[in-house]
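> What follows is a structure written as structure tokens; I'll ask about it next.
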Amino acid sequence: MSNIYLLRHGETIWNTLGRFQGQMDSSLTPSGIDQADFVARILFHEIADAAQSSVMEVSPLGRTRETARRVQRVLSVPSSEDARLMEVTLGSWDGMTTFEINSEFPGYLDGSDAFDWYFKSPDGENFDHACNRAKAWIADIGRPTIAISHGLFGRIIRGVYAGLSKREMLELPVPQDGFYRLHDGVFSFVDGLCVPASI
């Protein structure tokens, strides 16, 4: 299996407000733009020797496309959009905070915690469908691939790739200041600690 370099989009306005974006959208904040530029530099350092054989696949949502444009300023690779990389949708809960969900859908989040509430929506994507979407995307990877996706769906991609349980994958961190390298059935976080600031 070829290497996958899995990025999350930079911070958005709705991230700062605690709104789950799902398949709705919100622009990157100035910090989110800085994060995208920073990750682009460390990605350049990571794949400089393999850039000619690499491709980029991007979720078609605005925040991922905006992040991809920042990455392509320093790393010129062929890019295409793939809807399978879109964030999990919560249906009518997309764009809402947990407070608003509790107010408008009383009882739906009873017994849930910070990690398992995503799949309690009455009309959202279910966990198995999201996993199958991730599996189908991974199965089509045939060359080194930079993937720009989302927080929750990025967890699912890593979890499916490494054979984790549902609970294990939903508890994975979702940083925006680095990326994950997926190789030989395992994943590791790559940050900028060893990257020269001038890149």
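Letters A, B, ... mark the chains of the structure tokens in the order given; residue numbers begin at 1 per chain; ligand numbers begin at 1, in order shown.
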Determine which residues of chain A DSSP labels as helix (DSSP H, G or I) from the backbone of this structure, then write them out as a compact mmCIF listing (two decimals) with N, CA and C atoms, in the first residue's frame.

# COMPACT_ATOMS: atom_id res chain seq x y z
N ILE A 13 -14.12 29.21 11.48
CA ILE A 13 -14.91 30.06 12.40
C ILE A 13 -15.83 29.18 13.24
N TRP A 14 -16.48 28.20 12.62
CA TRP A 14 -17.38 27.34 13.38
C TRP A 14 -16.63 26.43 14.35
N ASN A 15 -15.39 26.04 14.02
CA ASN A 15 -14.59 25.31 15.01
C ASN A 15 -14.48 26.11 16.29
N THR A 16 -14.24 27.41 16.17
CA THR A 16 -14.04 28.25 17.36
C THR A 16 -15.34 28.44 18.13
N LEU A 17 -16.47 28.24 17.48
CA LEU A 17 -17.78 28.43 18.12
C LEU A 17 -18.38 27.12 18.63
N PRO A 30 -7.94 33.31 10.54
CA PRO A 30 -6.53 33.62 10.32
C PRO A 30 -5.61 32.55 10.91
N SER A 31 -5.96 32.00 12.08
CA SER A 31 -5.17 30.91 12.65
C SER A 31 -5.24 29.67 11.76
N GLY A 32 -6.41 29.40 11.18
CA GLY A 32 -6.56 28.26 10.28
C GLY A 32 -5.70 28.39 9.03
N ILE A 33 -5.59 29.61 8.52
CA ILE A 33 -4.72 29.85 7.36
C ILE A 33 -3.27 29.61 7.76
N ASP A 34 -2.88 30.11 8.94
CA ASP A 34 -1.51 29.87 9.42
C ASP A 34 -1.25 28.38 9.59
N GLN A 35 -2.23 27.65 10.12
CA GLN A 35 -2.07 26.20 10.28
C GLN A 35 -1.88 25.51 8.94
N ALA A 36 -2.69 25.89 7.95
CA ALA A 36 -2.57 25.29 6.62
C ALA A 36 -1.20 25.57 6.02
N ASP A 37 -0.70 26.79 6.18
CA ASP A 37 0.62 27.14 5.66
C ASP A 37 1.71 26.36 6.38
N PHE A 38 1.56 26.20 7.68
CA PHE A 38 2.55 25.46 8.47
C PHE A 38 2.56 23.99 8.06
N VAL A 39 1.40 23.39 7.95
CA VAL A 39 1.33 21.98 7.56
C VAL A 39 1.88 21.80 6.14
N ALA A 40 1.62 22.76 5.27
CA ALA A 40 2.17 22.68 3.91
C ALA A 40 3.69 22.62 3.94
N ARG A 41 4.31 23.41 4.81
CA ARG A 41 5.78 23.42 4.89
C ARG A 41 6.31 22.08 5.39
N ILE A 42 5.68 21.51 6.42
CA ILE A 42 6.20 20.23 6.92
C ILE A 42 5.90 19.09 5.97
N LEU A 43 4.80 19.21 5.23
CA LEU A 43 4.50 18.20 4.22
C LEU A 43 5.53 18.27 3.09
N PHE A 44 5.89 19.47 2.69
CA PHE A 44 6.93 19.64 1.66
C PHE A 44 8.22 18.95 2.10
N HIS A 45 8.60 19.16 3.34
CA HIS A 45 9.81 18.54 3.88
C HIS A 45 9.68 17.01 3.89
N GLU A 46 8.49 16.52 4.22
CA GLU A 46 8.26 15.08 4.35
C GLU A 46 8.32 14.36 3.01
N ILE A 47 7.75 14.95 1.97
CA ILE A 47 7.62 14.20 0.71
C ILE A 47 8.41 14.81 -0.44
N ALA A 48 9.36 15.67 -0.13
CA ALA A 48 10.11 16.36 -1.20
C ALA A 48 10.64 15.39 -2.25
N ASP A 49 11.17 14.26 -1.83
CA ASP A 49 11.76 13.31 -2.77
C ASP A 49 10.71 12.52 -3.55
N ALA A 50 9.48 12.47 -3.03
CA ALA A 50 8.43 11.68 -3.67
C ALA A 50 7.34 12.54 -4.30
N ALA A 51 7.53 13.87 -4.29
CA ALA A 51 6.48 14.77 -4.76
C ALA A 51 6.08 14.49 -6.21
N GLN A 52 7.06 14.13 -7.05
CA GLN A 52 6.77 13.92 -8.47
C GLN A 52 5.82 12.75 -8.70
N SER A 53 5.82 11.80 -7.78
CA SER A 53 4.96 10.62 -7.95
C SER A 53 3.69 10.70 -7.10
N GLY A 62 -15.72 23.56 1.18
CA GLY A 62 -14.93 24.79 1.05
C GLY A 62 -13.71 24.86 1.94
N ARG A 63 -13.83 24.40 3.19
CA ARG A 63 -12.71 24.53 4.12
C ARG A 63 -11.53 23.63 3.75
N THR A 64 -11.83 22.49 3.14
CA THR A 64 -10.75 21.62 2.69
C THR A 64 -10.15 22.14 1.39
N ARG A 65 -10.97 22.67 0.52
CA ARG A 65 -10.45 23.25 -0.73
C ARG A 65 -9.58 24.46 -0.42
N GLU A 66 -9.99 25.26 0.54
CA GLU A 66 -9.18 26.42 0.94
C GLU A 66 -7.83 25.97 1.51
N THR A 67 -7.85 24.91 2.32
CA THR A 67 -6.61 24.36 2.86
C THR A 67 -5.73 23.82 1.73
N ALA A 68 -6.35 23.14 0.77
CA ALA A 68 -5.60 22.58 -0.36
C ALA A 68 -4.91 23.68 -1.16
N ARG A 69 -5.58 24.80 -1.34
CA ARG A 69 -4.95 25.91 -2.07
C ARG A 69 -3.71 26.41 -1.35
N ARG A 70 -3.77 26.44 -0.02
CA ARG A 70 -2.59 26.87 0.75
C ARG A 70 -1.45 25.86 0.58
N VAL A 71 -1.79 24.58 0.59
CA VAL A 71 -0.77 23.53 0.43
C VAL A 71 -0.13 23.63 -0.94
N GLN A 72 -0.94 23.87 -1.97
CA GLN A 72 -0.41 23.88 -3.33
C GLN A 72 0.46 25.11 -3.62
N ALA A 83 -15.56 13.07 -3.26
CA ALA A 83 -16.65 13.24 -2.30
C ALA A 83 -16.59 12.25 -1.15
N ARG A 84 -15.86 11.13 -1.35
CA ARG A 84 -15.75 10.16 -0.27
C ARG A 84 -14.94 10.69 0.91
N LEU A 85 -14.21 11.80 0.72
CA LEU A 85 -13.43 12.40 1.81
C LEU A 85 -14.22 13.45 2.59
N GLY A 91 -26.91 15.30 9.29
CA GLY A 91 -28.25 15.62 8.80
C GLY A 91 -28.70 16.98 9.30
N SER A 92 -29.85 17.02 9.94
CA SER A 92 -30.41 18.28 10.43
C SER A 92 -29.59 18.89 11.56
N TRP A 93 -28.63 18.15 12.10
CA TRP A 93 -27.77 18.70 13.16
C TRP A 93 -26.54 19.41 12.61
N THR A 98 -23.81 21.36 20.46
CA THR A 98 -24.49 20.35 21.28
C THR A 98 -25.58 20.99 22.14
N PHE A 99 -25.38 22.23 22.56
CA PHE A 99 -26.41 22.93 23.33
C PHE A 99 -27.68 23.08 22.50
N GLU A 100 -27.52 23.48 21.24
CA GLU A 100 -28.68 23.66 20.36
C GLU A 100 -29.36 22.32 20.07
N ILE A 101 -28.56 21.27 19.90
CA ILE A 101 -29.14 19.95 19.66
C ILE A 101 -29.96 19.52 20.88
N ASN A 102 -29.41 19.70 22.07
CA ASN A 102 -30.14 19.34 23.29
C ASN A 102 -31.44 20.13 23.42
N SER A 103 -31.41 21.40 22.98
CA SER A 103 -32.61 22.24 23.09
C SER A 103 -33.67 21.85 22.07
N GLU A 104 -33.25 21.57 20.84
CA GLU A 104 -34.20 21.33 19.77
C GLU A 104 -34.57 19.85 19.61
N TRP A 117 -21.61 10.98 20.39
CA TRP A 117 -22.87 11.65 20.11
C TRP A 117 -23.10 11.87 18.61
N TYR A 118 -22.03 11.82 17.82
CA TYR A 118 -22.16 12.13 16.40
C TYR A 118 -23.18 11.25 15.68
N PHE A 119 -23.32 10.02 16.12
CA PHE A 119 -24.16 9.08 15.39
C PHE A 119 -25.53 8.90 16.04
N LYS A 120 -25.93 9.88 16.86
CA LYS A 120 -27.26 9.84 17.48
C LYS A 120 -28.31 10.62 16.68
N PHE A 127 -22.59 5.13 11.32
CA PHE A 127 -21.18 4.77 11.49
C PHE A 127 -20.72 3.76 10.43
N ASP A 128 -21.52 2.74 10.18
CA ASP A 128 -21.12 1.72 9.21
C ASP A 128 -20.97 2.29 7.81
N HIS A 129 -21.87 3.19 7.44
CA HIS A 129 -21.77 3.81 6.12
C HIS A 129 -20.50 4.63 6.01
N ALA A 130 -20.17 5.40 7.06
CA ALA A 130 -18.95 6.20 7.05
C ALA A 130 -17.71 5.30 6.95
N CYS A 131 -17.71 4.18 7.67
CA CYS A 131 -16.58 3.24 7.59
C CYS A 131 -16.45 2.65 6.20
N ASN A 132 -17.57 2.29 5.58
CA ASN A 132 -17.53 1.73 4.23
C ASN A 132 -17.02 2.75 3.22
N ARG A 133 -17.37 4.00 3.43
CA ARG A 133 -16.88 5.08 2.56
C ARG A 133 -15.36 5.19 2.69
N ALA A 134 -14.86 5.12 3.92
CA ALA A 134 -13.42 5.18 4.15
C ALA A 134 -12.71 3.98 3.54
N LYS A 135 -13.27 2.80 3.73
CA LYS A 135 -12.66 1.58 3.17
C LYS A 135 -12.58 1.65 1.66
N ALA A 136 -13.65 2.12 1.03
CA ALA A 136 -13.67 2.21 -0.43
C ALA A 136 -12.61 3.19 -0.93
N TRP A 137 -12.48 4.31 -0.23
CA TRP A 137 -11.46 5.28 -0.64
C TRP A 137 -10.06 4.70 -0.48
N ILE A 138 -9.77 4.10 0.66
CA ILE A 138 -8.44 3.52 0.91
C ILE A 138 -8.11 2.45 -0.14
N ALA A 139 -9.09 1.65 -0.50
CA ALA A 139 -8.86 0.56 -1.45
C ALA A 139 -8.44 1.07 -2.82
N GLY A 151 -12.14 16.38 10.61
CA GLY A 151 -11.87 15.83 11.92
C GLY A 151 -12.45 14.45 12.16
N LEU A 152 -13.77 14.34 12.13
CA LEU A 152 -14.41 13.05 12.41
C LEU A 152 -14.10 12.03 11.32
N PHE A 153 -14.18 12.43 10.06
CA PHE A 153 -13.92 11.45 9.01
C PHE A 153 -12.44 11.06 8.98
N GLY A 154 -11.56 11.97 9.36
CA GLY A 154 -10.15 11.62 9.47
C GLY A 154 -9.92 10.57 10.54
N ARG A 155 -10.64 10.65 11.64
CA ARG A 155 -10.58 9.60 12.66
C ARG A 155 -10.98 8.24 12.06
N ILE A 156 -12.05 8.27 11.29
CA ILE A 156 -12.57 7.02 10.73
C ILE A 156 -11.59 6.44 9.71
N ILE A 157 -10.99 7.29 8.88
CA ILE A 157 -9.99 6.79 7.93
C ILE A 157 -8.86 6.12 8.67
N ARG A 158 -8.32 6.77 9.70
CA ARG A 158 -7.21 6.18 10.46
C ARG A 158 -7.64 4.90 11.16
N GLY A 159 -8.84 4.91 11.73
CA GLY A 159 -9.32 3.74 12.46
C GLY A 159 -9.53 2.54 11.57
N VAL A 160 -10.15 2.77 10.40
CA VAL A 160 -10.37 1.69 9.44
C VAL A 160 -9.03 1.16 8.95
N TYR A 161 -8.12 2.08 8.65
CA TYR A 161 -6.80 1.70 8.12
C TYR A 161 -6.04 0.81 9.11
N ALA A 162 -6.12 1.16 10.39
CA ALA A 162 -5.36 0.43 11.41
C ALA A 162 -6.15 -0.67 12.10
N LYS A 166 -14.61 0.78 17.07
CA LYS A 166 -15.36 2.03 16.95
C LYS A 166 -14.95 3.00 18.05
N ARG A 167 -14.89 2.54 19.29
CA ARG A 167 -14.55 3.44 20.39
C ARG A 167 -13.14 3.99 20.24
N GLU A 168 -12.21 3.12 19.86
CA GLU A 168 -10.82 3.56 19.71
C GLU A 168 -10.71 4.64 18.64
N MET A 169 -11.39 4.45 17.52
CA MET A 169 -11.24 5.44 16.46
C MET A 169 -11.92 6.76 16.81
N LEU A 170 -13.07 6.72 17.49
CA LEU A 170 -13.76 7.96 17.82
C LEU A 170 -13.03 8.77 18.88
> Write out as a PyMOL selection string which residues come within 8 Å of range 3-9 of chain A when counting only C-alpha atoms, dropping same-chain ones fewer than 2 positions away.
chain A and resi 1+11+32+36+63-64+67+143-151+154+174-176+178-183
> Near range 77-81 of chain A, counting only C-alpha atoms, which residues have an atom at most 6 Å away, once you skip same-chain residues fewer than 5 positions from it, shown as a ChimeraX atom specification?
/A:55-60
> Save the residues we just selected, N, CA, C and O atoms, as a short mmCIF file (atom, residue, chain, number, x, y, z; two decimals), in the first residue's frame?

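out_26.cif, written as the output of this step:
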data_model
loop_
_atom_site.label_atom_id
_atom_site.label_comp_id
_atom_site.auth_asym_id
_atom_site.auth_seq_id
_atom_site.Cartn_x
_atom_site.Cartn_y
_atom_site.Cartn_z
N VAL A 55 0.00 12.44 -5.57
CA VAL A 55 -1.20 13.15 -5.97
C VAL A 55 -1.89 13.68 -4.71
O VAL A 55 -1.60 13.24 -3.60
N MET A 56 -2.81 14.62 -4.92
CA MET A 56 -3.59 15.15 -3.81
C MET A 56 -5.07 14.89 -4.08
O MET A 56 -5.55 15.13 -5.19
N GLU A 57 -5.77 14.38 -3.06
CA GLU A 57 -7.21 14.19 -3.15
C GLU A 57 -7.86 14.98 -2.03
O GLU A 57 -7.42 14.91 -0.88
N VAL A 58 -8.90 15.71 -2.37
CA VAL A 58 -9.45 16.73 -1.47
C VAL A 58 -10.96 16.57 -1.35
O VAL A 58 -11.66 16.38 -2.35
N SER A 59 -11.45 16.66 -0.13
CA SER A 59 -12.90 16.76 0.07
C SER A 59 -13.39 18.01 -0.65
O SER A 59 -12.74 19.05 -0.63
N PRO A 60 -14.56 17.94 -1.30
CA PRO A 60 -15.04 19.09 -2.06
C PRO A 60 -15.63 20.23 -1.23
O PRO A 60 -16.09 21.23 -1.79
#
> Select from range 31-199 of chain A everything DSSP, run on the backbone, classes as strand (DSSP E or B), then give the selection as a PyMOL selection string.
chain A and resi 55-58+79-81+145-149+179-183+186-190
> In Å, how far is it from CA of Gly22 in chain A to CA of Ser121 in chain A?
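Taking CA of Gly22 in chain A as the start and CA of Ser121 in chain A as the end point, the length is 11.7 Å.
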